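Working notes, beginning with the structure itself.
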Amino acid sequence: MAGAEIGPKGRRKGMALVAALLAAVSGLLVPVPATPIGPQPRIFTVAGSLARAFSGDGGPATAARLGFGPQTTGNPHHPGVTVDKAGNLYIADTPNHVIRRVSAADGTISTVVGKGGVAGLGGDGGPVELALLSLPVDVSFDGAGNLYIADRGNMRVRKVTYDSAGNGTITTIVGGGAIPAPSAEGKPATLVFMGGDELYGLDVNESGDIYFTFVGGSNGRLIKVAASGDKAGLITTLPSGPGHFTDVAVTGTGATESVFIAKASDLLRLNVATGTLNTIAPGYWPRGVTVDPSSPTDVYFTAAGANSAKPQVWRIGADGSNPVVVAGDGQVGFSGDGRTAVSARLDNPGGITIGPDGRIFFSDSDNSVVRMVTSEDLPRSADLSLTVAADPPMAEVGETITYTAVATNRGPDPAHDVVIEFTIPVASGSIQSATASRGDAIPSPGLMSPVAPPPLPTTRPSP
């Protein structure tokens with residue numbers, strides 16, 4: 001803030017100084033070049049508008065409505081998200097029975113599998129546009145760009161295979177048979193019957209090996225269906241122990257193959273080659289888990305806020321070392337868009353993924369939105385209102401006036417306001433207030449251009 005002392009002739013000069021000050025202010029209101037938003041990761045909403053429904057296809061994803069929210073029927077509280085190699089975001093909109101896509105090019109949302117609000121089973125062997133889903137809970141891609149869906153209501157894993165022209169064909173690759181799951185070990189995956197169990201997390205590696213969890217009562221199981229080799233297409237149960245599973249993430253192959261499991265209150269790591277199962281994050285109550293594709297030793301997970309845990313996003317070493325808060329201040333709520341991610345408030349964060357550009361996406365489930373954590377400079381486009389005020393508004397000879405100017409984003413979406421405070425030095429004079437508008441300086445939500453992975457804090461907070 002700047003102080004201005006009033007001289008003996010201050011009152012006579014007041015009007016001239018007001019004019020001079022307003023002229024200086026108007027000079028500040030021309031479009032401002034974008035500047036980096038800083039090294040600390042920031043958070044933005046990229047899909048959803050804080051209300052449950054099915055709407056918005058063809059328009060901005062931030063104006064759309066998603067189906068998940070507090071205590072929604074069929075909502076597992078961790079709707080999955082994934083990103084393709086082009087940076088497009090895919091969302092399992094569970095209660096709406098669809099998979100939705102947010103374009104990396106322009107931030108618009110569309111439905112790519114299923115029909116909004118209609119649960120069903122249909123379309124296998126035909127174009128994906130005609131397919132029906134029932135409570136899809138998770139999504140993943142293989143290295144060839146094929147999309148996999150945990151179709152929970154139908155107790156199946158389904159695959160969308162795309163041809164060179166981008167046309168998709170949907171098939172069932174797990175489930176739909178008559179062999180009860182507990183008796184299906186070593187049997188073809190399409191012959192298994194998972195009725196009565198709950199299908200949860202899903203992940204697929206670059207080779208197309210499928211990993212998923214399902215729960216029958218308290219007897220959770222971790223299943224692998226290999227894409228090649230002597231166990232190709234067969235059900236293989238991996239060590240996981242009993243419990244309630246919510247998500248799974250895989251990294252590596254062969255001797256380095258590891259599976260991370262969000263299970264009840266703990267995050268587990270399975271070394272597939274040795275069968276060794278270790279707890280790497282006890283007591284966090286994880287809901288979603290993913291591995292950084294550019295740094296396989298870094299694991300990210302969401303903590304839903306159950307019991308003593310707090311609603312936050314965490315990064316932890318694959319060996320359980322150095323847990324770091326990535327997003328969330330530990331309080332339940334919705335806030336923080338455009339600001340540092342660790343100061344934001346979340347409500348039951350769920351599925352999580354990391355894109356090829358390092359951006360972190362997760363479903364903020366009970367807020368009915370998907371949010372993004374990033375540290376790169378974002379496109380700036382906003383309608384700014386600039387207010388200049390003096391404190392006190394008038395002064396006597398020898399007193400000091402403090403001038404403060406505040407620029408506030410009035411659009412395009414007031415939910416993404418960012419307030420900038422700065423000062424205007426004035427030698428002497430008096431002024432009450434001035435308001436003007438014009439400019440271009442506020443980060444807007446939405447996009448999704450390639451960037452370097454965001455740096456994260458290095459402090460070690462407790463869960």
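To be explicit about the labels: the chains of the structure tokens are called A, B, and onward in the order shown, and within each one the residues are counted from 1, while ligands get numbers from 1 in the order they are shown.
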
For the structure I just gave you, how does DSSP split segment 172-358 of chain A - specifically, which residues are strand (DSSP E)? Reply as JSON, numbers by chain. {"A": [172, 173, 174, 179, 180, 192, 193, 198, 199, 200, 201, 202, 203, 204, 210, 211, 212, 213, 214, 215, 216, 219, 220, 221, 222, 223, 224, 225, 236, 237, 238, 245, 246, 247, 248, 249, 250, 251, 258, 259, 260, 261, 262, 263, 266, 267, 268, 269, 270, 271, 276, 277, 278, 279, 280, 281, 286, 287, 288, 289, 290, 291, 298, 299, 300, 301, 302, 303, 304, 311, 312, 313, 314, 315, 316, 317, 324, 325, 326, 327, 349, 350, 351, 352, 353, 354]}

Query - Shell around Gly233 of chain A at 8 Å using only C-alpha atoms, local window under 4 positions removed, as a list in words - result: Pro188, Ala189, Val225, Ala226, Ala227 and Ser228 of chain A

Expected file contents, prior selection, N, CA, C and O atoms, as an mmCIF file, in the first residue's frame:
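The resulting file, out-v4.cif, is shown below:
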```cif
data_model
loop_
_atom_site.group_PDB
_atom_site.id
_atom_site.type_symbol
_atom_site.label_atom_id
_atom_site.label_comp_id
_atom_site.auth_asym_id
_atom_site.auth_seq_id
_atom_site.Cartn_x
_atom_site.Cartn_y
_atom_site.Cartn_z
ATOM 1 N N PRO A 188 -11.950 -68.885 -18.920
ATOM 2 C CA PRO A 188 -12.064 -67.693 -19.766
ATOM 3 C C PRO A 188 -12.887 -66.603 -19.080
ATOM 4 O O PRO A 188 -13.943 -66.886 -18.490
ATOM 5 N N ALA A 189 -12.412 -65.369 -19.164
ATOM 6 C CA ALA A 189 -13.035 -64.264 -18.439
ATOM 7 C C ALA A 189 -14.469 -64.014 -18.872
ATOM 8 O O ALA A 189 -15.294 -63.563 -18.077
ATOM 9 N N VAL A 225 -6.603 -60.178 -15.871
ATOM 10 C CA VAL A 225 -6.866 -60.893 -17.116
ATOM 11 C C VAL A 225 -5.788 -60.453 -18.103
ATOM 12 O O VAL A 225 -5.791 -59.311 -18.567
ATOM 13 N N ALA A 226 -4.846 -61.342 -18.378
ATOM 14 C CA ALA A 226 -3.719 -61.000 -19.248
ATOM 15 C C ALA A 226 -4.172 -60.884 -20.702
ATOM 16 O O ALA A 226 -5.101 -61.562 -21.141
ATOM 17 N N ALA A 227 -3.475 -60.016 -21.433
ATOM 18 C CA ALA A 227 -3.793 -59.837 -22.852
ATOM 19 C C ALA A 227 -3.033 -60.810 -23.734
ATOM 20 O O ALA A 227 -3.410 -61.029 -24.888
ATOM 21 N N SER A 228 -1.954 -61.400 -23.223
ATOM 22 C CA SER A 228 -1.136 -62.312 -24.032
ATOM 23 C C SER A 228 -0.491 -63.351 -23.115
ATOM 24 O O SER A 228 -0.585 -63.266 -21.883
#
```

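Taking the backbone of this structure through DSSP, the residues of segment 55-198 of chain A that come out as helix (DSSP H, G or I) are Ala61, Thr62, Ala63, Thr94, Pro95, Asn96, Val128, Glu129, Leu130, Arg152, Gly153, Asn154, Ala181, Pro182, Ser183, Ala189, Thr190 and Leu191 of chain A.
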
Q.
I'd like the contact shell of Leu132 of chain A - 8 Å cut-off, only C-alpha atoms, skipping same-chain residues fewer than 6 positions apart - returned as a list in words.
A.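 Selected residues are His97, Val98, Val113, Gly114, Lys115, Val118, Ala119, Gly120, Leu121, Gly122 and Gly123 of chain A.
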
Using only C-alpha atoms, which of A:Lys263, A:Lys159, A:Arg371, A:Arg269 sits nearest Asn146 of chain A?
->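 Closest to Asn146 of chain A of all the choices is A:Lys159.
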
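The gap separating atom CA of Ser294 of chain A from atom CA of Ser375 of chain A is 16.2 Å, in Å to one decimal.
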
Shell around Phe334 of chain A at 9 Å using only C-alpha atoms, local window under 6 positions removed, as a short mmCIF file (atom, residue, chain, number, x, y, z; two decimals) with all heavy atoms, in the first residue's frame:
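Once written, result00.cif looks like this:
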```cif
data_model
loop_
_atom_site.label_atom_id
_atom_site.label_comp_id
_atom_site.auth_asym_id
_atom_site.auth_seq_id
_atom_site.Cartn_x
_atom_site.Cartn_y
_atom_site.Cartn_z
N LEU A 50 -21.49 -28.09 -9.64
CA LEU A 50 -21.92 -28.13 -8.24
C LEU A 50 -23.39 -28.51 -8.08
O LEU A 50 -24.01 -28.20 -7.06
CB LEU A 50 -21.66 -26.80 -7.54
CG LEU A 50 -20.20 -26.34 -7.50
CD1 LEU A 50 -20.10 -24.95 -6.88
CD2 LEU A 50 -19.35 -27.32 -6.69
N ALA A 344 -7.43 -25.45 -0.98
CA ALA A 344 -8.79 -25.70 -1.44
C ALA A 344 -9.55 -26.61 -0.48
O ALA A 344 -8.94 -27.36 0.31
CB ALA A 344 -8.76 -26.35 -2.83
N ARG A 345 -10.86 -26.58 -0.57
CA ARG A 345 -11.69 -27.50 0.19
C ARG A 345 -12.35 -28.50 -0.76
O ARG A 345 -12.83 -28.13 -1.83
CB ARG A 345 -12.73 -26.75 1.01
CG ARG A 345 -12.07 -25.96 2.13
CD ARG A 345 -13.01 -25.52 3.20
NE ARG A 345 -12.25 -24.96 4.32
CZ ARG A 345 -12.79 -24.44 5.43
NH1 ARG A 345 -14.09 -24.43 5.56
NH2 ARG A 345 -12.02 -23.97 6.38
N LEU A 346 -12.35 -29.75 -0.34
CA LEU A 346 -12.87 -30.86 -1.14
C LEU A 346 -13.95 -31.58 -0.34
O LEU A 346 -14.05 -31.42 0.87
CB LEU A 346 -11.75 -31.84 -1.48
CG LEU A 346 -10.40 -31.27 -1.92
CD1 LEU A 346 -9.39 -32.40 -2.14
CD2 LEU A 346 -10.55 -30.43 -3.18
N ASP A 347 -14.74 -32.38 -1.05
CA ASP A 347 -15.77 -33.17 -0.39
C ASP A 347 -15.82 -34.56 -1.01
O ASP A 347 -16.35 -34.74 -2.10
CB ASP A 347 -17.13 -32.48 -0.49
CG ASP A 347 -18.16 -33.07 0.47
OD1 ASP A 347 -17.87 -34.12 1.08
OD2 ASP A 347 -19.26 -32.48 0.60
N ASP A 364 -14.21 -34.77 -7.51
CA ASP A 364 -14.56 -34.22 -6.20
C ASP A 364 -16.01 -34.62 -5.98
O ASP A 364 -16.94 -33.85 -6.18
CB ASP A 364 -14.36 -32.71 -6.23
CG ASP A 364 -14.38 -32.08 -4.84
OD1 ASP A 364 -14.69 -32.80 -3.88
OD2 ASP A 364 -14.11 -30.87 -4.73
N ASN A 367 -19.11 -32.91 -4.38
CA ASN A 367 -19.32 -31.59 -4.97
C ASN A 367 -19.82 -31.68 -6.41
O ASN A 367 -20.06 -30.65 -7.05
CB ASN A 367 -18.04 -30.76 -4.92
CG ASN A 367 -17.76 -30.20 -3.53
OD1 ASN A 367 -18.68 -29.76 -2.84
ND2 ASN A 367 -16.51 -30.21 -3.12
#
```

message = Show me, as a count of residues only, the residues that have an atom within 9 Å of segment 245-261 of chain A when counting only C-alpha atoms, minus same-chain residues fewer than 2 positions from it.
response = 44

*For Gly336 of chain A, which residue out of A:Val139, A:Met155, A:Val373, A:Ala181 is the nearest one, using only C-alpha atoms?*
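Of A:Val139, A:Met155, A:Val373, A:Ala181, the one nearest Gly336 of chain A, counting only C-alpha atoms, is A:Val373.
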
Requested in this report: Considering only C-alpha atoms, return as a VMD selection string whatever protein or nucleic-acid residues lie within 8 Å of Ser49 of chain A, sequence-local ones (same chain, fewer than 3 positions apart) excluded.
Outcome: chain A and resid 62 to 66 368 to 369

Export of the given selection (C-alpha atoms) as a compact mmCIF listing (two decimals), in the first residue's frame:
```
# COMPACT_ATOMS: atom_id res chain seq x y z
CA THR A 62 -17.82 -26.32 -16.44
CA ALA A 63 -21.46 -25.47 -17.20
CA ALA A 64 -22.53 -29.12 -17.44
CA ARG A 65 -24.07 -31.18 -14.68
CA LEU A 66 -22.82 -34.59 -13.61
CA SER A 368 -20.46 -33.14 -8.28
CA VAL A 369 -17.40 -31.87 -10.14
```

For a quick check of understanding, using only C-alpha atoms, which of A:Gly241, A:Gly117, A:Gly69, A:Gly168 has the smallest distance to Gly275 of chain A?
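Under the stated criterion, the closest residue is A:Gly241.
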